[in-house]
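Printed here is entry19.cif (mmCIF, C-alpha atoms):
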```cif
data_my_file
loop_
_atom_site.label_atom_id
_atom_site.label_comp_id
_atom_site.auth_asym_id
_atom_site.auth_seq_id
_atom_site.Cartn_x
_atom_site.Cartn_y
_atom_site.Cartn_z
CA MET A 137 49.09 7.71 82.54
CA PRO A 138 50.92 4.37 82.91
CA THR A 139 54.37 4.16 81.41
CA LYS A 140 54.63 1.69 78.57
CA ARG A 141 57.09 -1.10 79.32
CA ILE A 142 59.74 -1.63 76.71
CA LYS A 143 60.50 -5.26 76.12
CA PRO A 144 64.27 -5.81 76.23
CA ALA A 145 66.01 -7.18 73.15
CA GLN A 146 66.28 -10.93 73.16
CA ASP A 147 69.76 -12.24 73.87
CA ILE A 148 71.75 -14.09 71.28
CA TYR A 149 74.08 -16.84 72.45
CA ALA A 150 77.49 -17.28 70.87
CA ILE A 151 78.19 -20.98 71.35
CA LYS A 152 81.07 -23.21 70.33
CA VAL A 153 80.33 -26.84 69.46
CA THR A 154 83.28 -29.27 69.51
CA LEU A 155 83.15 -32.93 68.54
CA LEU A 156 84.99 -34.56 71.43
CA GLY A 157 87.87 -36.93 70.73
CA THR A 158 88.81 -35.39 67.37
CA LYS A 159 92.39 -34.22 66.76
CA PRO A 160 92.69 -31.61 65.41
CA PRO A 161 89.25 -30.74 66.76
CA ILE A 162 86.19 -30.60 64.53
CA TRP A 163 84.17 -27.60 65.69
CA ARG A 164 81.59 -24.96 64.81
CA ARG A 165 80.83 -21.53 66.26
CA LEU A 166 77.15 -20.46 66.10
CA LEU A 167 74.89 -17.55 66.98
CA VAL A 168 71.52 -18.80 68.23
CA PRO A 169 68.61 -17.29 70.18
CA ALA A 170 68.83 -17.85 73.93
CA SER A 171 65.12 -18.73 73.79
CA MET A 172 65.66 -21.62 71.37
CA THR A 173 64.40 -24.99 72.60
CA LEU A 174 66.80 -27.93 72.79
CA ALA A 175 64.65 -29.70 70.19
CA LYS A 176 65.31 -26.86 67.75
CA LEU A 177 68.98 -26.78 68.72
CA HIS A 178 69.20 -30.48 67.83
CA ASP A 179 68.00 -29.65 64.31
CA ILE A 180 70.53 -26.81 64.02
CA LEU A 181 73.39 -29.00 65.24
CA GLN A 182 72.57 -31.71 62.73
CA THR A 183 72.78 -29.18 59.91
CA THR A 184 75.82 -27.24 61.07
CA MET A 185 77.90 -30.28 62.00
CA GLY A 186 76.88 -32.23 58.88
CA TRP A 187 74.97 -35.18 60.38
CA HIS A 188 71.81 -36.62 58.80
CA ASP A 189 69.59 -37.20 61.86
CA CYS A 190 69.52 -40.97 61.37
CA HIS A 191 69.92 -41.90 65.04
CA MET A 192 68.78 -41.14 68.56
CA HIS A 193 70.29 -38.29 70.55
CA GLU A 194 70.27 -36.62 73.95
CA PHE A 195 71.50 -33.52 75.75
CA ARG A 196 73.07 -33.69 79.19
CA ALA A 197 73.74 -30.94 81.72
CA GLY A 198 75.17 -32.31 84.95
CA GLU A 199 72.77 -35.02 86.13
CA ARG A 200 69.90 -33.83 83.91
CA HIS A 201 69.09 -35.58 80.64
CA PHE A 202 67.02 -34.06 77.82
CA GLY A 203 65.65 -35.65 74.69
CA ARG A 204 62.56 -37.42 73.43
CA PRO A 205 61.17 -39.27 76.45
CA ASP A 206 60.66 -43.01 76.01
CA PRO A 207 58.61 -45.23 78.39
CA GLU A 208 61.63 -47.58 78.56
CA ASP A 209 63.72 -44.77 80.06
CA ILE A 210 61.28 -44.53 82.98
CA SER A 211 61.28 -48.30 83.51
CA MET A 212 65.09 -48.22 83.67
CA GLY A 213 65.01 -45.46 86.27
CA MET A 214 66.25 -42.73 83.93
CA GLN A 215 64.37 -39.44 83.87
CA VAL A 216 64.58 -37.77 80.45
CA GLU A 217 63.10 -34.29 80.27
CA ASN A 218 61.30 -33.37 77.05
CA GLU A 219 63.67 -31.29 74.92
CA ARG A 220 60.70 -29.49 73.36
CA ASN A 221 59.95 -27.85 76.71
CA ILE A 222 63.50 -26.78 77.61
CA ARG A 223 65.01 -23.52 76.41
CA LEU A 224 68.72 -23.11 75.92
CA SER A 225 68.77 -20.20 78.38
CA SER A 226 67.54 -22.48 81.17
CA VAL A 227 70.55 -24.82 80.93
CA LEU A 228 73.29 -22.44 79.78
CA ARG A 229 72.90 -19.55 82.18
CA ARG A 230 76.29 -17.82 82.02
CA PRO A 231 79.41 -17.70 79.80
CA GLY A 232 81.51 -20.81 80.30
CA ALA A 233 78.51 -23.06 81.00
CA LYS A 234 78.62 -26.38 79.12
CA LEU A 235 76.11 -28.83 77.70
CA ILE A 236 76.91 -32.27 76.25
CA TYR A 237 75.10 -33.35 73.09
CA THR A 238 75.34 -37.04 72.15
CA TYR A 239 74.28 -38.24 68.72
CA ASP A 240 74.01 -41.96 67.83
CA PHE A 241 74.32 -44.07 70.97
CA GLY A 242 76.16 -46.74 68.99
CA ASP A 243 78.94 -44.58 67.52
CA ASN A 244 78.56 -42.26 70.52
CA TRP A 245 79.42 -38.91 68.95
CA GLU A 246 79.74 -36.54 71.92
CA HIS A 247 79.79 -32.79 71.41
CA ALA A 248 80.67 -30.14 73.99
CA ILE A 249 78.47 -27.04 73.65
CA VAL A 250 79.99 -24.08 75.47
CA LEU A 251 78.35 -20.68 75.90
CA GLU A 252 81.11 -18.23 75.00
CA LYS A 253 79.24 -14.92 75.27
CA LEU A 254 75.85 -13.22 75.33
CA LEU A 255 75.07 -10.68 72.60
CA PRO A 256 72.14 -8.29 72.20
CA ARG A 257 69.86 -9.03 69.28
CA LEU A 258 70.38 -6.45 66.54
CA PRO A 259 67.59 -5.52 64.09
CA ASP A 260 69.53 -6.90 61.11
CA MET A 261 70.86 -10.01 62.86
CA THR A 262 69.64 -13.25 61.37
CA SER A 263 69.91 -16.27 63.61
CA PRO A 264 70.76 -19.06 63.87
CA ILE A 265 73.92 -18.59 61.81
CA CYS A 266 77.31 -20.25 61.67
CA ILE A 267 80.19 -17.80 61.92
CA ASP A 268 83.20 -20.12 61.99
CA GLY A 269 84.29 -23.73 62.11
CA SER A 270 86.90 -26.25 61.11
CA LEU A 271 87.08 -29.60 59.32
CA ALA A 272 84.46 -31.92 57.87
CA CYS A 273 82.04 -33.91 59.99
CA PRO A 274 82.62 -37.68 60.07
CA PRO A 275 80.18 -39.75 57.98
CA ASP A 276 77.26 -41.35 59.79
CA ASP A 277 77.76 -45.00 60.79
CA CYS A 278 81.56 -45.04 60.35
CA GLY A 279 82.20 -46.59 63.79
CA GLY A 280 82.67 -43.64 66.10
CA ILE A 281 85.98 -41.87 66.69
CA PRO A 282 88.19 -45.01 66.19
CA GLY A 283 86.31 -46.00 63.03
CA PHE A 284 86.53 -42.48 61.64
CA TYR A 285 90.30 -42.33 61.87
CA GLU A 286 90.63 -45.86 60.50
CA LEU A 287 88.47 -44.70 57.57
CA LEU A 288 90.74 -41.69 56.97
CA ASP A 289 93.84 -43.91 57.05
CA ALA A 290 92.33 -46.29 54.50
CA LEU A 291 91.22 -43.50 52.17
CA ALA A 292 94.59 -41.73 52.32
CA ASP A 293 96.61 -44.82 51.39
CA PRO A 294 95.96 -46.40 47.96
CA ASN A 295 97.88 -49.47 49.15
CA HIS A 296 95.71 -49.97 52.23
CA GLU A 297 93.87 -53.30 52.06
CA GLN A 298 90.54 -51.55 52.65
CA HIS A 299 91.19 -48.52 50.43
CA GLN A 300 88.82 -49.43 47.61
CA GLU A 301 86.24 -50.89 49.98
CA MET A 302 86.12 -47.64 51.96
CA ARG A 303 85.99 -45.53 48.77
CA ASP A 304 83.03 -47.59 47.58
CA TRP A 305 81.34 -47.32 50.99
CA ILE A 306 81.68 -43.54 51.18
CA GLY A 307 80.79 -43.07 47.51
CA GLY A 308 84.08 -41.69 46.21
CA ASP A 309 86.30 -39.05 47.73
CA PHE A 310 86.04 -37.62 51.25
CA ASP A 311 87.99 -34.48 52.15
CA PRO A 312 88.38 -34.31 55.95
CA ARG A 313 89.50 -30.67 55.68
CA ALA A 314 86.40 -29.53 53.82
CA PHE A 315 84.28 -26.96 55.62
CA SER A 316 82.41 -23.91 54.35
CA VAL A 317 80.60 -21.35 56.52
CA GLU A 318 78.72 -20.19 53.42
CA GLU A 319 77.50 -23.71 52.63
CA VAL A 320 76.34 -24.29 56.20
CA ASN A 321 74.42 -21.00 56.25
CA ARG A 322 72.86 -21.81 52.89
CA LYS A 323 71.48 -25.00 54.47
CA LEU A 324 70.36 -23.11 57.58
CA ALA A 325 68.47 -20.45 55.57
CA PRO A 326 65.27 -22.52 55.03
CA LYS A 327 65.20 -23.28 58.77
CA ARG A 328 65.41 -19.56 59.55
CA ARG A 329 62.56 -18.81 57.14
CA ARG A 330 60.36 -21.52 58.72
CA SER A 331 61.16 -20.16 62.16
CA SER A 332 60.21 -16.60 61.13
CA ALA A 333 57.01 -17.78 59.49
CA ALA A 334 55.98 -19.61 62.64
CA LYS A 335 56.29 -16.39 64.66
CA ASN A 336 54.15 -14.32 62.23
#
```

Take the structure I supplied and represent it as structure tokens, if you would.
Amino acid sequence: MPTKRIKPAQDIYAIKVTLLGTKPPIWRRLLVPASMTLAKLHDILQTTMGWHDCHMHEFRAGERHFGRPDPEDISMGMQVENERNIRLSSVLRRPGAKLIYTYDFGDNWEHAIVLEKLLPRLPDMTSPICIDGSLACPPDDCGGIPGFYELLDALADPNHEQHQEMRDWIGGDFDPRAFSVEEVNRKLAPKRRRSSAAKN
């Protein structure tokens, strides 16, 4: 009688996402399935960092580029692999491996995604989840890293010539220290439910 093969538990990746150029660093630590596609990871990053998915993006690992292929990319000699066909495990193969995620090619928000460790999937583990992080995400369209810190300077100083203009633009107060793991996971919960429903 043939022995029944037991399918091994799917690995969970513990990854750290850091917005490059920020001091002190703006970062998030996540648990995600190793089998997650880069397209799905893009959605998770938008939610956990606090972006609003208003702009183009890409992932980069060494010389390889991943995203939503555009005919113009081919005409310019750039080969962009379809992020819907690429699993995280195929680009982050071992702890310490790094992936660059760029959001908004104008403001050029670059994030380093580092695989910190591999964990076995536990029966009660819900993923993706955010387990730690620090500081608020910059607002979309604020001018990249230089514009972000100029915005913070203007908001912090009532005598700054652009103080009221920046308050009006951002819609009131902006707390650069604000970050809540609970709030991020509340926003991720519907995405987890949709993911589970798709599997059933």

For this session: Apply the PyMOL selection byres ((chain A and resi 253-263) around 9) to the file shown and report the selected residues as a PyMOL selection string.
Result: chain A and resi 145-151+166-170+230-232+251-252+264-266+328

Exercise. So what does the PyMOL selection byres ((chain A and resi 237) around 7) actually pick up in this one, as a ChimeraX atom specification?
Worked result: /A:194-196,235-236,238-239,246-248

Could you save those same residues with C-alpha atoms as a PDB file, keeping the file's coordinate frame?
```pdb
ATOM      1  CA  GLU A 194      70.270 -36.620  73.950  1.00  0.00           C
ATOM      2  CA  PHE A 195      71.500 -33.520  75.750  1.00  0.00           C
ATOM      3  CA  ARG A 196      73.070 -33.690  79.190  1.00  0.00           C
ATOM      4  CA  LEU A 235      76.110 -28.830  77.700  1.00  0.00           C
ATOM      5  CA  ILE A 236      76.910 -32.270  76.250  1.00  0.00           C
ATOM      6  CA  THR A 238      75.340 -37.040  72.150  1.00  0.00           C
ATOM      7  CA  TYR A 239      74.280 -38.240  68.720  1.00  0.00           C
ATOM      8  CA  GLU A 246      79.740 -36.540  71.920  1.00  0.00           C
ATOM      9  CA  HIS A 247      79.790 -32.790  71.410  1.00  0.00           C
ATOM     10  CA  ALA A 248      80.670 -30.140  73.990  1.00  0.00           C
TER      11      ALA A 248
END
```

Exercise. Using all atoms listed in the file, which of A:Lys152, A:Pro294, A:Ala325, A:Leu228 sits nearest Asp268 of chain A?
Worked result: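 Closest residue, counting all atoms listed in the file: A:Lys152.
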
Problem set entry | Expansion of the PyMOL selection byres ((chain A and resi 180-190) around 6) into residues, as number ranges by chain | A: 177-179, 191, 273, 320

Problem set entry | Shell around segment 288-291 of chain A at 10 Å using all atoms listed in the file, local window under 5 positions removed, as a PyMOL selection string | chain A and resi 274+283+296-303+306+308-312
